[in-house]
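K.L.:
This structure is in structure tokens; I'll ask about it shortly.
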Amino acid sequence: MFFCAVGQWSVLEAQNIRFGKYFEDMTLRINYHRIGNRQSDTIRVLSEERICVWPGSLTQLVDPFDNGDYCIVVKDSKSGKLLYSRGYNTLFHEYRDTPAGADSVATFEEVVRVPWPKKTVEICFMKRGVDQRMAIQYRYQFNPDSALTQMKRRSVLRVENEPIKLQYTGDPHRKVDVVIVPEGYGPADSAKMMDDLQKFCGYLLGQDPFRSRANDFNVWGVASMGEATGITDPGKGIKVNSLVGSSYNTFGADRYLMTTHLFQLHDAIGSTPFDHIIIMANSTTYGGGAIYNFYAMSSLNEMAYMVLPHELGHSIGGLADEYVDEDLSYGDMHTLTQEPTEPNITTLVDFASKWQNMLPEGTPVPTPADETVPRRENGPMGVYEGAGYHAKGIYRPTMRCMMRDYAPFCPVCSLRLNQVFDLYVK
């Protein structure tokens, strides 16, 4: 079931929605600020844009996964009927768990995209509460007719480059569309950028289950460049005016490479159809990061062919990190007294909702660790302690996995990724 404060709907019932009855085949982009800290969380909608053909499925309109700390919901304003929903996470959610986020108010740019409504709808920003249920944080009425009038009044001429088709296998409505945004490329880097885009397309589709589902993907590139070459790195005293303003040392972690400039990022993408975003950073320094249904990022370090699939596990699959690192400033995001929403970790509070039915008969819970499992193998399914940055109290499905140490995706992670792929191709 899909739960929120305005009611509950069966996903099967909601999937009977006829796209053409309620939506045009166009995309509504909503730009807003999220403002707050650990004690407060406020949304301020800034603007809406009609940007491109809707790239998502025309039939799978309601999110079947109870994942993410936030959710965008579109409801019919008259009947209250659920028309569209997608869960997601934000960089703000990590900020609030840092020392600075305890009391320093910060403003974060965020963007959500939904199909363009034909009639007035209610748009609801949902937030997961301490009881793990979604509740309305902010809502407003969106009238497409008056919105179009306002858009014409404030229209700004934008020069967009044609999207680059790195791999095109068919209609975006029936494919997982991924756009790769080049970051840190200057005017003299055109040839290198094109080579790197092809390289990253190969990294995207280089590991299973991405590799075995390659025909379900369209991969696009953006032919945009910044004013200078390189990536901002505060630890090295490097400041670069790059395309989307990314930087190492996010929240004090040297390898955490992210951007807070979401409006610049989506402006750079323009009308390119996409379901998911990859930012390709022109740097050989190890680094990257990702947030569920937000974006994934990786540098061009020699480990990028493994870093990128790991980050896509976060951004596409909503998977948790399975390694232990209690020094991370945002490492307190998992509460040991509740079951995490991510499918690949458990506190055993509600293990039946996770991979219990995938365990071989007789598997002990918890399962004793077996450090003899080779680094590039998963090992047997079990319930192994140490995951979600915690050495104790959180468990993972296998000894090794892409979400822990760049082994292949384990059966639990692979299952969720395939389920997400299916959400876009049906």
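Labels used: A, B, ... for chains in the order of the structure tokens, numbers from 1 for residues in each chain, and numbers from 1 for ligands as shown.
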With only C-alpha atoms counted and 9 Å as the cut-off, give the residues of stretch 60-179 of chain A in contact with stretch 342-350 of chain A, each with its shortest interatomic distance in Å and the pair that gives it, as JSON lines.
P.N.:
```
{"residue": "A:Asp66", "atom": "CA", "partner": "A:Glu342", "partner_atom": "CA", "distance": 8.5}
{"residue": "A:Asn67", "atom": "CA", "partner": "A:Glu342", "partner_atom": "CA", "distance": 6.2}
{"residue": "A:Gly68", "atom": "CA", "partner": "A:Glu342", "partner_atom": "CA", "distance": 7.9}
```
K.L.:
Env of A:Ile17: 10 Å cut, atoms = only C-alpha atoms, seq-sep filter 4 positions within chain, self excluded. Answer as a VMD selection string.
P.N.:
chain A and resid 12 to 13 21 to 22 58 to 62 81 to 84
K.L.:
Need the shell around A:Asp189: protein/DNA/RNA residues with any atom at most 10 Å away, counting only C-alpha atoms. Skip same-chain ones fewer than 3 positions apart. Format as a list in words?
P.N.:
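The residues satisfying every condition are Gly184, Tyr185, Gly186, Lys192, Met193, Met194, Met225, Gly226, Ala228, Thr229 and Asn282 of chain A.
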K.L.:
Create the file for the chosen residues now, containing N, CA and C atoms and written as a PDB file, in the first residue's frame.
P.N.:
```
ATOM      1  N   GLY A 184      33.328  20.234 -15.080  1.00  0.00           N
ATOM      2  CA  GLY A 184      34.755  20.512 -14.986  1.00  0.00           C
ATOM      3  C   GLY A 184      35.475  20.510 -16.324  1.00  0.00           C
ATOM      4  N   TYR A 185      34.718  20.715 -17.390  1.00  0.00           N
ATOM      5  CA  TYR A 185      35.301  20.781 -18.732  1.00  0.00           C
ATOM      6  C   TYR A 185      35.260  22.224 -19.220  1.00  0.00           C
ATOM      7  N   GLY A 186      36.410  22.722 -19.678  1.00  0.00           N
ATOM      8  CA  GLY A 186      36.503  24.082 -20.184  1.00  0.00           C
ATOM      9  C   GLY A 186      36.439  24.129 -21.696  1.00  0.00           C
ATOM     10  N   LYS A 192      38.049  15.722 -25.371  1.00  0.00           N
ATOM     11  CA  LYS A 192      38.149  14.875 -24.175  1.00  0.00           C
ATOM     12  C   LYS A 192      36.773  14.611 -23.581  1.00  0.00           C
ATOM     13  N   MET A 193      35.935  15.618 -23.566  1.00  0.00           N
ATOM     14  CA  MET A 193      34.594  15.460 -23.020  1.00  0.00           C
ATOM     15  C   MET A 193      33.825  14.381 -23.775  1.00  0.00           C
ATOM     16  N   MET A 194      33.904  14.392 -25.100  1.00  0.00           N
ATOM     17  CA  MET A 194      33.185  13.398 -25.897  1.00  0.00           C
ATOM     18  C   MET A 194      33.718  11.988 -25.623  1.00  0.00           C
ATOM     19  N   MET A 225      29.740  23.094 -21.426  1.00  0.00           N
ATOM     20  CA  MET A 225      31.018  23.239 -20.747  1.00  0.00           C
ATOM     21  C   MET A 225      31.022  24.498 -19.894  1.00  0.00           C
ATOM     22  N   GLY A 226      31.873  24.498 -18.862  1.00  0.00           N
ATOM     23  CA  GLY A 226      32.022  25.654 -18.000  1.00  0.00           C
ATOM     24  C   GLY A 226      33.103  26.589 -18.515  1.00  0.00           C
ATOM     25  N   ALA A 228      36.119  26.996 -17.068  1.00  0.00           N
ATOM     26  CA  ALA A 228      37.480  26.550 -16.800  1.00  0.00           C
ATOM     27  C   ALA A 228      37.503  25.045 -16.597  1.00  0.00           C
ATOM     28  N   THR A 229      38.690  24.466 -16.631  1.00  0.00           N
ATOM     29  CA  THR A 229      38.877  23.033 -16.456  1.00  0.00           C
ATOM     30  C   THR A 229      39.115  22.700 -14.989  1.00  0.00           C
ATOM     31  N   ASN A 282      35.403  15.941 -14.216  1.00  0.00           N
ATOM     32  CA  ASN A 282      36.693  15.901 -14.918  1.00  0.00           C
ATOM     33  C   ASN A 282      37.841  16.091 -13.930  1.00  0.00           C
TER      34      ASN A 282
END
```
K.L.:
Within 7 Å of A:Pro55, counting only C-alpha atoms, which residues show up once you throw out same-chain ones fewer than 4 positions away? Write them as a ChimeraX atom specification, please.
P.N.:
/A:172-173,273-275
K.L.:
Please produce a file of those selected residues containing N, CA, C and O atoms, as a PDB file, in the first residue's frame.
P.N.:
```pdb
ATOM      1  N   PRO A 172      11.481   6.858 -25.070  1.00  0.00           N
ATOM      2  CA  PRO A 172      11.783   7.142 -23.665  1.00  0.00           C
ATOM      3  C   PRO A 172      10.685   6.717 -22.693  1.00  0.00           C
ATOM      4  O   PRO A 172      10.975   6.442 -21.527  1.00  0.00           O
ATOM      5  N   HIS A 173       9.433   6.659 -23.140  1.00  0.00           N
ATOM      6  CA  HIS A 173       8.352   6.226 -22.261  1.00  0.00           C
ATOM      7  C   HIS A 173       8.499   4.766 -21.838  1.00  0.00           C
ATOM      8  O   HIS A 173       7.877   4.340 -20.861  1.00  0.00           O
ATOM      9  N   PRO A 273      15.545  14.364 -22.351  1.00  0.00           N
ATOM     10  CA  PRO A 273      14.680  13.476 -21.569  1.00  0.00           C
ATOM     11  C   PRO A 273      15.508  12.624 -20.614  1.00  0.00           C
ATOM     12  O   PRO A 273      16.509  12.024 -21.004  1.00  0.00           O
ATOM     13  N   PHE A 274      15.102  12.569 -19.345  1.00  0.00           N
ATOM     14  CA  PHE A 274      15.853  11.732 -18.402  1.00  0.00           C
ATOM     15  C   PHE A 274      14.970  11.289 -17.252  1.00  0.00           C
ATOM     16  O   PHE A 274      14.024  11.971 -16.863  1.00  0.00           O
ATOM     17  N   ASP A 275      15.307  10.115 -16.730  1.00  0.00           N
ATOM     18  CA  ASP A 275      14.742   9.628 -15.481  1.00  0.00           C
ATOM     19  C   ASP A 275      15.764   9.753 -14.354  1.00  0.00           C
ATOM     20  O   ASP A 275      15.389   9.934 -13.197  1.00  0.00           O
TER      21      ASP A 275
END
```
K.L.:
Just checking: using only C-alpha atoms, which residue out of A:Gln167, A:Thr259, A:Asn89, A:Ser47 ends up closest to A:Phe142?
P.N.:
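Between A:Gln167, A:Thr259, A:Asn89, A:Ser47, the residue approaching A:Phe142 most closely is A:Ser47.
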K.L.:
Rank nothing, just name the residue among A:Tyr395, A:Phe92, A:Tyr286, A:Tyr138 nearest to A:Leu308, using only C-alpha atoms.
P.N.:
A:Tyr286
K.L.:
Using the chain letters and numbers from this document, which residues of stretch 212-371 of chain A does DSSP assign to helix (DSSP H, G or I), as a PyMOL selection string?
P.N.:
chain A and resi 214-216+234-236+250-252+262-269+304-315+351-353+356-358
K.L.:
Check the smallest atom-to-atom distance from each of A:Trp116, A:Phe19, A:Phe409, A:Tyr88 to A:Phe210 using only C-alpha atoms, then report the winner.
P.N.:
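The shortest atom-to-atom distance to A:Phe210 comes from A:Phe409.
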K.L.:
Please, what distance in Å, to one decimal, runs between atom CA of A:Pro144 and atom CA of A:Ile277?
P.N.:
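According to the coordinates, atom CA of A:Pro144 and atom CA of A:Ile277 are separated by 26.3 Å.
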K.L.:
Skip A:Val240 itself and residues of its chain fewer than 5 positions away, then list as a VMD selection string all residues within 7 Å of it, counting only C-alpha atoms.
P.N.:
chain A and resid 228 230 to 232
K.L.:
Those same residues - all heavy atoms - I'd like them written as a short mmCIF file (atom, residue, chain, number, x, y, z; two decimals), in the first residue's frame.
P.N.:
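Saved as out_6.cif:
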```cif
data_model
loop_
_atom_site.label_atom_id
_atom_site.label_comp_id
_atom_site.auth_asym_id
_atom_site.auth_seq_id
_atom_site.Cartn_x
_atom_site.Cartn_y
_atom_site.Cartn_z
N ALA A 228 36.12 27.00 -17.07
CA ALA A 228 37.48 26.55 -16.80
C ALA A 228 37.50 25.04 -16.60
O ALA A 228 36.46 24.41 -16.39
CB ALA A 228 38.04 27.26 -15.57
N GLY A 230 38.52 21.59 -14.53
CA GLY A 230 38.80 21.12 -13.19
C GLY A 230 37.61 21.22 -12.25
O GLY A 230 36.54 21.73 -12.61
N ILE A 231 37.80 20.73 -11.02
CA ILE A 231 36.76 20.65 -10.01
C ILE A 231 37.24 21.33 -8.74
O ILE A 231 38.38 21.16 -8.32
CB ILE A 231 36.41 19.18 -9.69
CG1 ILE A 231 35.98 18.43 -10.96
CG2 ILE A 231 35.33 19.09 -8.61
CD1 ILE A 231 34.69 18.90 -11.57
N THR A 232 36.36 22.09 -8.11
CA THR A 232 36.70 22.74 -6.84
C THR A 232 37.08 21.69 -5.79
O THR A 232 36.37 20.70 -5.61
CB THR A 232 35.51 23.57 -6.34
OG1 THR A 232 35.27 24.64 -7.25
CG2 THR A 232 35.78 24.13 -4.95
#
```
K.L.:
What gap, in Å, lies between atom CA of A:Thr398 and atom CA of A:Phe351?
P.N.:
14.8 Å
K.L.:
Quick one: pick out all strand (DSSP E or B) residues within stretch 111-343 of chain A from a backbone DSSP run and write them as a ChimeraX atom specification.
P.N.:
/A:111-117,121-128,134-142,164-167,176-183,217-221,232-233,238,247,256,258,276-281,288-291,295-299
K.L.:
Please provide as a PDB file with N, CA and C atoms, in the first residue's frame all residues within 7 Å of A:Lys165, with the sequence filter that same-chain residues fewer than 2 positions apart are discarded (counting only C-alpha atoms).
P.N.:
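The new file out38.pdb reads:
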```
ATOM      1  N   PRO A 163      20.814  17.200 -27.385  1.00  0.00           N
ATOM      2  CA  PRO A 163      21.296  16.080 -26.580  1.00  0.00           C
ATOM      3  C   PRO A 163      22.125  15.118 -27.428  1.00  0.00           C
ATOM      4  N   GLN A 167      23.585   6.143 -26.295  1.00  0.00           N
ATOM      5  CA  GLN A 167      22.927   4.872 -26.622  1.00  0.00           C
ATOM      6  C   GLN A 167      21.436   5.132 -26.692  1.00  0.00           C
ATOM      7  N   TYR A 168      20.821   4.788 -27.799  1.00  0.00           N
ATOM      8  CA  TYR A 168      19.384   4.981 -27.953  1.00  0.00           C
ATOM      9  C   TYR A 168      18.767   3.654 -28.380  1.00  0.00           C
ATOM     10  N   VAL A 219      20.842   6.304 -23.104  1.00  0.00           N
ATOM     11  CA  VAL A 219      21.862   7.082 -22.410  1.00  0.00           C
ATOM     12  C   VAL A 219      22.138   8.343 -23.219  1.00  0.00           C
ATOM     13  N   TRP A 220      21.984   9.491 -22.571  1.00  0.00           N
ATOM     14  CA  TRP A 220      22.138  10.785 -23.226  1.00  0.00           C
ATOM     15  C   TRP A 220      23.330  11.535 -22.632  1.00  0.00           C
ATOM     16  N   GLY A 221      23.933  12.368 -23.430  1.00  0.00           N
ATOM     17  CA  GLY A 221      24.980  13.261 -22.960  1.00  0.00           C
ATOM     18  C   GLY A 221      24.575  14.704 -23.176  1.00  0.00           C
TER      19      GLY A 221
END
```
K.L.:
Closest to A:Ala268 among A:Arg113, A:Val130, A:Ser190, A:Val181, using only C-alpha atoms?
P.N.:
A:Val181
K.L.:
I'd like the neighbourhood of A:Glu109 as a PyMOL selection string, where a residue qualifies if any of its atoms comes within 7 Å (using only C-alpha atoms), though same-chain residues fewer than 6 positions away should be ignored.
P.N.:
chain A and resi 32-34+260-263
K.L.:
Got time to write the residues from that selection, C-alpha atoms, as a PDB file, in the first residue's frame?
P.N.:
```pdb
ATOM      1  CA  TYR A  32      12.077  25.273  -4.682  1.00  0.00           C
ATOM      2  CA  HIS A  33      14.210  25.930  -1.625  1.00  0.00           C
ATOM      3  CA  ARG A  34      14.363  23.647   1.375  1.00  0.00           C
ATOM      4  CA  THR A 260      24.337  22.024  -4.138  1.00  0.00           C
ATOM      5  CA  HIS A 261      23.541  23.974  -7.330  1.00  0.00           C
ATOM      6  CA  LEU A 262      20.495  22.001  -8.449  1.00  0.00           C
ATOM      7  CA  PHE A 263      19.056  24.816 -10.558  1.00  0.00           C
TER       8      PHE A 263
END
```
K.L.:
Considering only C-alpha atoms, can you say which of A:Val179, A:Leu300, A:Leu166, A:Val53 comes closest to A:His266?
P.N.:
A:Val179
K.L.:
By how many Å are atom CA of A:Gly252 and atom CA of A:Arg396 apart?
P.N.:
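Pair atom CA of A:Gly252 / atom CA of A:Arg396 returns 26.5 Å.
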K.L.:
Would you please work out which residue, of A:Pro64, A:Gly237, A:Gly87, A:Pro182, is nearest to A:Ala223 when using only C-alpha atoms?
P.N.:
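Nearest to A:Ala223: A:Pro182.
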